[in-house]
Amino acid sequence: MASGGSGKSASEGSASTPSSSLQHRKRLSAICDTCKSKMQLAADLLLLSSETRPVMTSEGVALADTFDQCRDTVIARTKELSILTHDIQSQLNMGRFTDVGDRLLEMADLVVSLTECSAHAAYLAAVETPGSQPCLPGLVDRYKVTCCRHEVEQSCNVLRITPLSDLTPQLLLEISQNISTNLKTLTDISSLASEKTRDRFAKEQFKLSVKSISTSGTAFLACVKEVKTQPSELTRKRCILYSGALVQAVSALVGFATEPLFLGRAANIATEGKGVQTAVLGGAMSVVSACVLLTQGLRDVAQHPESSSKMADYRERLRNSACAVSDGCTLLTQALRERSSPRTLPPINSHSVN
């Protein structure tokens with residue numbers, strides 16, 4: 001999603017001016033906030049939820065058919081994550097803050113994918129145990145629509161907090177594209193729910209909700225286009241004004257769409273299945289927690305000058321967080337291979353997402 005700025009400087013690591021260096025640090029700090037929020041949301045909805053449900057693709061089909069498929073995908077993701085973690089540290093040591101930000105965005109997407117695959121693997125393993133009953137799908141995928149709401153809120157927030165001078169055409173394009181994509185997803189889900197529901201009020205309310213987000217979205221995107229062609233504080237303030245209406249309309253739709261009536265029934269898991277589920281989810285949570293700590297550490301480094309008396313501590317925490325990521329990946333891999341784990345808590349130098 002839009003993350004507070006785009007563009008690279010070929011000389012960033014060696015001959016960047018103080019002003020450009022500050023700009024790169026500000027961009028990295030904004031990206032850290034975005035990535036932390038994105039990873040936390042996936043963890044909250046998929047790893048910490050009290051309900052056991054499968055994870056679906058954007059096409060509305062299950063993420064994978066078998067546990068083995070999920071396991072192999074997650075293990076591959078952990079290897080990619082280890083490579084990215086080392087690359088982030090290397091780029092940071094060379095002072096390449098733009099490259100660090102780009103790698104961090106990749107890491108956040110990778111962690112979300114790993115979280116989704118792990119949650120689906122935990123579901124498949126749990127429902128396979130004797131006495132467990134699978135989920136009964138509903139009209140709405142709670143995880144999908146909640147993620148859409150989050151993306152819209154984040155994009156609008158980027159526009160609100162970014163100074164006019166930093167609202168580059170590329171950033172405004174990213175915001176517009178992200179808003180449009182997520183509004184389309186919400187429209188498709190709501191339209192299908194309206195068609196399939198037997199509740200007369202719900203059928204009409206889904207239609208009205210689609211009209212609401214369409215109207216507010218069109219008005220907002222028109223303001224974004226105007227600030228792109230006629231940049232001024234006035235046009236920027238219009239964007240902020242209309243972003244509020246859009247966020248409220250989206251929030252109302254998602255709040256209605258995620259009422260229990262439309263979500264189906266969660267899986268009923270037997271005791272043995274809960275043990276397997278806890279092992280896998282615990283391993284995944286340890287990875288997410290460590291990646292959140294890594295992101296917080298990068299933010300600390302980005303927000304303080306190298307001459308800061310605390311910089312040595314910040315960089316040490318960063319190294320510890322990178323080690324925690326490796327520990328978490330090992331724990332998750334073990335849990336998936338054995339369908340159990342002697343240790344389901346996060347690594348000793350990690351913490352729960354907060």
# chains A, B, ... in the order shown; residues from 1 in each chain; ligands from 1
>>> residues_around(residues="Asp166 in chain A", least_positions_apart="2", cutoff="12 Å", atoms="only C-alpha atoms", output="MDAnalysis selection string")
chainID A and resid 3:7 23:24 26:27 158:164 168:172 227:228 231:232 236
>>> write_last_selection(atoms="N, CA, C and O atoms", output="JSON list (two decimals), in the first residue's frame")
[["chain", "number", "residue", "atom", "x", "y", "z"],
["A", 3, "SER", "N", 2.94, 4.18, 1.25],
["A", 3, "SER", "CA", 3.69, 4.11, 2.50],
["A", 3, "SER", "C", 4.50, 5.34, 2.82],
["A", 3, "SER", "O", 5.47, 5.28, 3.54],
["A", 4, "GLY", "N", 4.13, 6.48, 2.25],
["A", 4, "GLY", "CA", 4.79, 7.70, 2.67],
["A", 4, "GLY", "C", 5.90, 8.18, 1.78],
["A", 4, "GLY", "O", 6.68, 9.04, 2.19],
["A", 5, "GLY", "N", 6.03, 7.66, 0.57],
["A", 5, "GLY", "CA", 7.02, 8.20, -0.34],
["A", 5, "GLY", "C", 7.63, 7.15, -1.21],
["A", 5, "GLY", "O", 7.65, 5.99, -0.87],
["A", 6, "SER", "N", 8.12, 7.56, -2.37],
["A", 6, "SER", "CA", 8.74, 6.63, -3.30],
["A", 6, "SER", "C", 9.98, 7.26, -3.88],
["A", 6, "SER", "O", 10.25, 8.43, -3.75],
["A", 7, "GLY", "N", 10.75, 6.44, -4.57],
["A", 7, "GLY", "CA", 11.93, 6.95, -5.26],
["A", 7, "GLY", "C", 13.20, 6.59, -4.54],
["A", 7, "GLY", "O", 13.23, 6.44, -3.33],
["A", 23, "GLN", "N", 15.21, 13.07, 4.78],
["A", 23, "GLN", "CA", 14.03, 12.65, 4.03],
["A", 23, "GLN", "C", 13.95, 11.13, 3.95],
["A", 23, "GLN", "O", 12.88, 10.54, 4.11],
["A", 24, "HIS", "N", 15.07, 10.47, 3.70],
["A", 24, "HIS", "CA", 15.11, 9.01, 3.64],
["A", 24, "HIS", "C", 14.74, 8.40, 5.00],
["A", 24, "HIS", "O", 14.03, 7.39, 5.07],
["A", 26, "LYS", "N", 12.84, 9.83, 7.32],
["A", 26, "LYS", "CA", 11.41, 10.06, 7.54],
["A", 26, "LYS", "C", 10.58, 9.04, 6.78],
["A", 26, "LYS", "O", 9.58, 8.52, 7.30],
["A", 27, "ARG", "N", 10.98, 8.75, 5.55],
["A", 27, "ARG", "CA", 10.25, 7.76, 4.76],
["A", 27, "ARG", "C", 10.32, 6.38, 5.42],
["A", 27, "ARG", "O", 9.32, 5.67, 5.52],
["A", 158, "VAL", "N", -2.04, 8.21, 5.56],
["A", 158, "VAL", "CA", -0.81, 8.65, 4.90],
["A", 158, "VAL", "C", -1.02, 10.04, 4.30],
["A", 158, "VAL", "O", -0.17, 10.93, 4.43],
["A", 159, "LEU", "N", -2.15, 10.24, 3.67],
["A", 159, "LEU", "CA", -2.44, 11.53, 3.06],
["A", 159, "LEU", "C", -2.61, 12.63, 4.11],
["A", 159, "LEU", "O", -2.18, 13.76, 3.90],
["A", 160, "ARG", "N", -3.19, 12.27, 5.25],
["A", 160, "ARG", "CA", -3.40, 13.26, 6.31],
["A", 160, "ARG", "C", -2.11, 13.72, 6.96],
["A", 160, "ARG", "O", -1.95, 14.90, 7.29],
["A", 161, "ILE", "N", -1.17, 12.80, 7.16],
["A", 161, "ILE", "CA", 0.03, 13.13, 7.92],
["A", 161, "ILE", "C", 1.21, 13.58, 7.04],
["A", 161, "ILE", "O", 2.20, 14.07, 7.56],
["A", 162, "THR", "N", 1.09, 13.39, 5.73],
["A", 162, "THR", "CA", 2.20, 13.74, 4.84],
["A", 162, "THR", "C", 2.13, 15.21, 4.43],
["A", 162, "THR", "O", 1.09, 15.65, 3.93],
["A", 163, "PRO", "N", 3.21, 15.96, 4.65],
["A", 163, "PRO", "CA", 3.22, 17.37, 4.24],
["A", 163, "PRO", "C", 3.01, 17.50, 2.73],
["A", 163, "PRO", "O", 3.35, 16.58, 1.96],
["A", 164, "LEU", "N", 2.48, 18.63, 2.31],
["A", 164, "LEU", "CA", 2.21, 18.87, 0.89],
["A", 164, "LEU", "C", 3.45, 18.66, 0.03],
["A", 164, "LEU", "O", 3.37, 18.08, -1.06],
["A", 168, "THR", "N", 4.17, 13.44, -3.48],
["A", 168, "THR", "CA", 4.65, 13.31, -4.85],
["A", 168, "THR", "C", 3.57, 12.68, -5.73],
["A", 168, "THR", "O", 2.67, 11.99, -5.24],
["A", 169, "PRO", "N", 3.65, 12.90, -7.04],
["A", 169, "PRO", "CA", 2.69, 12.25, -7.96],
["A", 169, "PRO", "C", 2.66, 10.72, -7.79],
["A", 169, "PRO", "O", 1.60, 10.11, -7.86],
["A", 170, "GLN", "N", 3.84, 10.13, -7.55],
["A", 170, "GLN", "CA", 3.90, 8.68, -7.38],
["A", 170, "GLN", "C", 3.15, 8.24, -6.12],
["A", 170, "GLN", "O", 2.40, 7.25, -6.14],
["A", 171, "LEU", "N", 3.34, 8.97, -5.02],
["A", 171, "LEU", "CA", 2.65, 8.62, -3.78],
["A", 171, "LEU", "C", 1.14, 8.78, -3.94],
["A", 171, "LEU", "O", 0.36, 7.93, -3.50],
["A", 172, "LEU", "N", 0.71, 9.86, -4.58],
["A", 172, "LEU", "CA", -0.73, 10.08, -4.80],
["A", 172, "LEU", "C", -1.32, 9.00, -5.69],
["A", 172, "LEU", "O", -2.45, 8.56, -5.48],
["A", 227, "VAL", "N", -5.34, 17.53, -6.12],
["A", 227, "VAL", "CA", -4.10, 17.92, -5.43],
["A", 227, "VAL", "C", -2.88, 17.51, -6.24],
["A", 227, "VAL", "O", -1.80, 18.11, -6.12],
["A", 228, "LYS", "N", -3.06, 16.51, -7.11],
["A", 228, "LYS", "CA", -1.96, 16.09, -7.98],
["A", 228, "LYS", "C", -1.73, 17.11, -9.09],
["A", 228, "LYS", "O", -0.58, 17.42, -9.44],
["A", 231, "PRO", "N", -1.41, 21.28, -6.79],
["A", 231, "PRO", "CA", -0.98, 21.12, -5.39],
["A", 231, "PRO", "C", -1.02, 22.43, -4.59],
["A", 231, "PRO", "O", -0.43, 23.42, -5.00],
["A", 232, "SER", "N", -1.76, 22.41, -3.50],
["A", 232, "SER", "CA", -1.83, 23.55, -2.59],
["A", 232, "SER", "C", -2.39, 23.05, -1.27],
["A", 232, "SER", "O", -2.95, 21.96, -1.20],
["A", 236, "ARG", "N", -5.13, 19.99, -0.62],
["A", 236, "ARG", "CA", -4.77, 18.93, 0.32],
["A", 236, "ARG", "C", -5.82, 18.83, 1.44],
["A", 236, "ARG", "O", -6.21, 17.73, 1.85]]
>>> closest_atom_pairs(of="range 191-223 of chain A", to="range 248-256 of chain A", cutoff="7 Å", atoms="only C-alpha atoms", output="CSV")
residue,atom,partner,partner_atom,distance
A:Ser209,CA,A:Leu253,CA,5.6
A:Ser212,CA,A:Ala249,CA,6.1
A:Ile213,CA,A:Ala249,CA,5.5
>>> write_last_selection(atoms="N, CA, C and O atoms", output="PDB file, in the first residue's frame")
ATOM      1  N   SER A 209     -25.034   0.225   1.087  1.00  0.00           N
ATOM      2  CA  SER A 209     -23.656   0.387   1.575  1.00  0.00           C
ATOM      3  C   SER A 209     -22.680   0.515   0.416  1.00  0.00           C
ATOM      4  O   SER A 209     -21.722   1.291   0.470  1.00  0.00           O
ATOM      5  N   SER A 212     -22.927   3.929  -0.918  1.00  0.00           N
ATOM      6  CA  SER A 212     -22.292   4.870  -0.001  1.00  0.00           C
ATOM      7  C   SER A 212     -20.786   4.932  -0.203  1.00  0.00           C
ATOM      8  O   SER A 212     -20.199   6.012  -0.307  1.00  0.00           O
ATOM      9  N   ILE A 213     -20.120   3.760  -0.270  1.00  0.00           N
ATOM     10  CA  ILE A 213     -18.661   3.775  -0.441  1.00  0.00           C
ATOM     11  C   ILE A 213     -18.286   4.219  -1.855  1.00  0.00           C
ATOM     12  O   ILE A 213     -17.228   4.822  -2.064  1.00  0.00           O
TER      13      ILE A 213
END
>>> closest_atom_pairs(of="range 197-316 of chain A", to="range 42-54 of chain A", cutoff="6 Å", atoms="only C-alpha atoms", output="CSV")
residue,atom,partner,partner_atom,distance
A:Ala266,CA,A:Thr52,CA,5.5
A:Ala267,CA,A:Thr52,CA,5.3
A:Leu281,CA,A:Leu47,CA,5.7
>>> closest_residue(among="A:Thr295, A:Ser118, A:Ser289, A:Thr98", to="Thr78 in chain A", atoms="only C-alpha atoms")
A:Ser118
>>> closest_residue(among="A:Met311, A:Ala222, A:Ala108, A:Ala257", to="Arg142 in chain A", atoms="only C-alpha atoms")
A:Ala257
>>> select_by_dssp(residues="range 118-262 of chain A", states="alpha helix (DSSP H)", output="PyMOL selection string")
chain A and resi 118-127+142-161+169-196+200-229+233-257
>>> residues_around(residues="range 327-331 of chain A", least_positions_apart="6", cutoff="6 Å", atoms="only C-alpha atoms", output="JSON, numbers by chain")
{"A": [78, 283, 286, 287]}
>>> closest_residue(among="A:Pro260, A:Ala122, A:Val292, A:Leu183", to="Gly275 in chain A", atoms="only C-alpha atoms")
A:Ala122
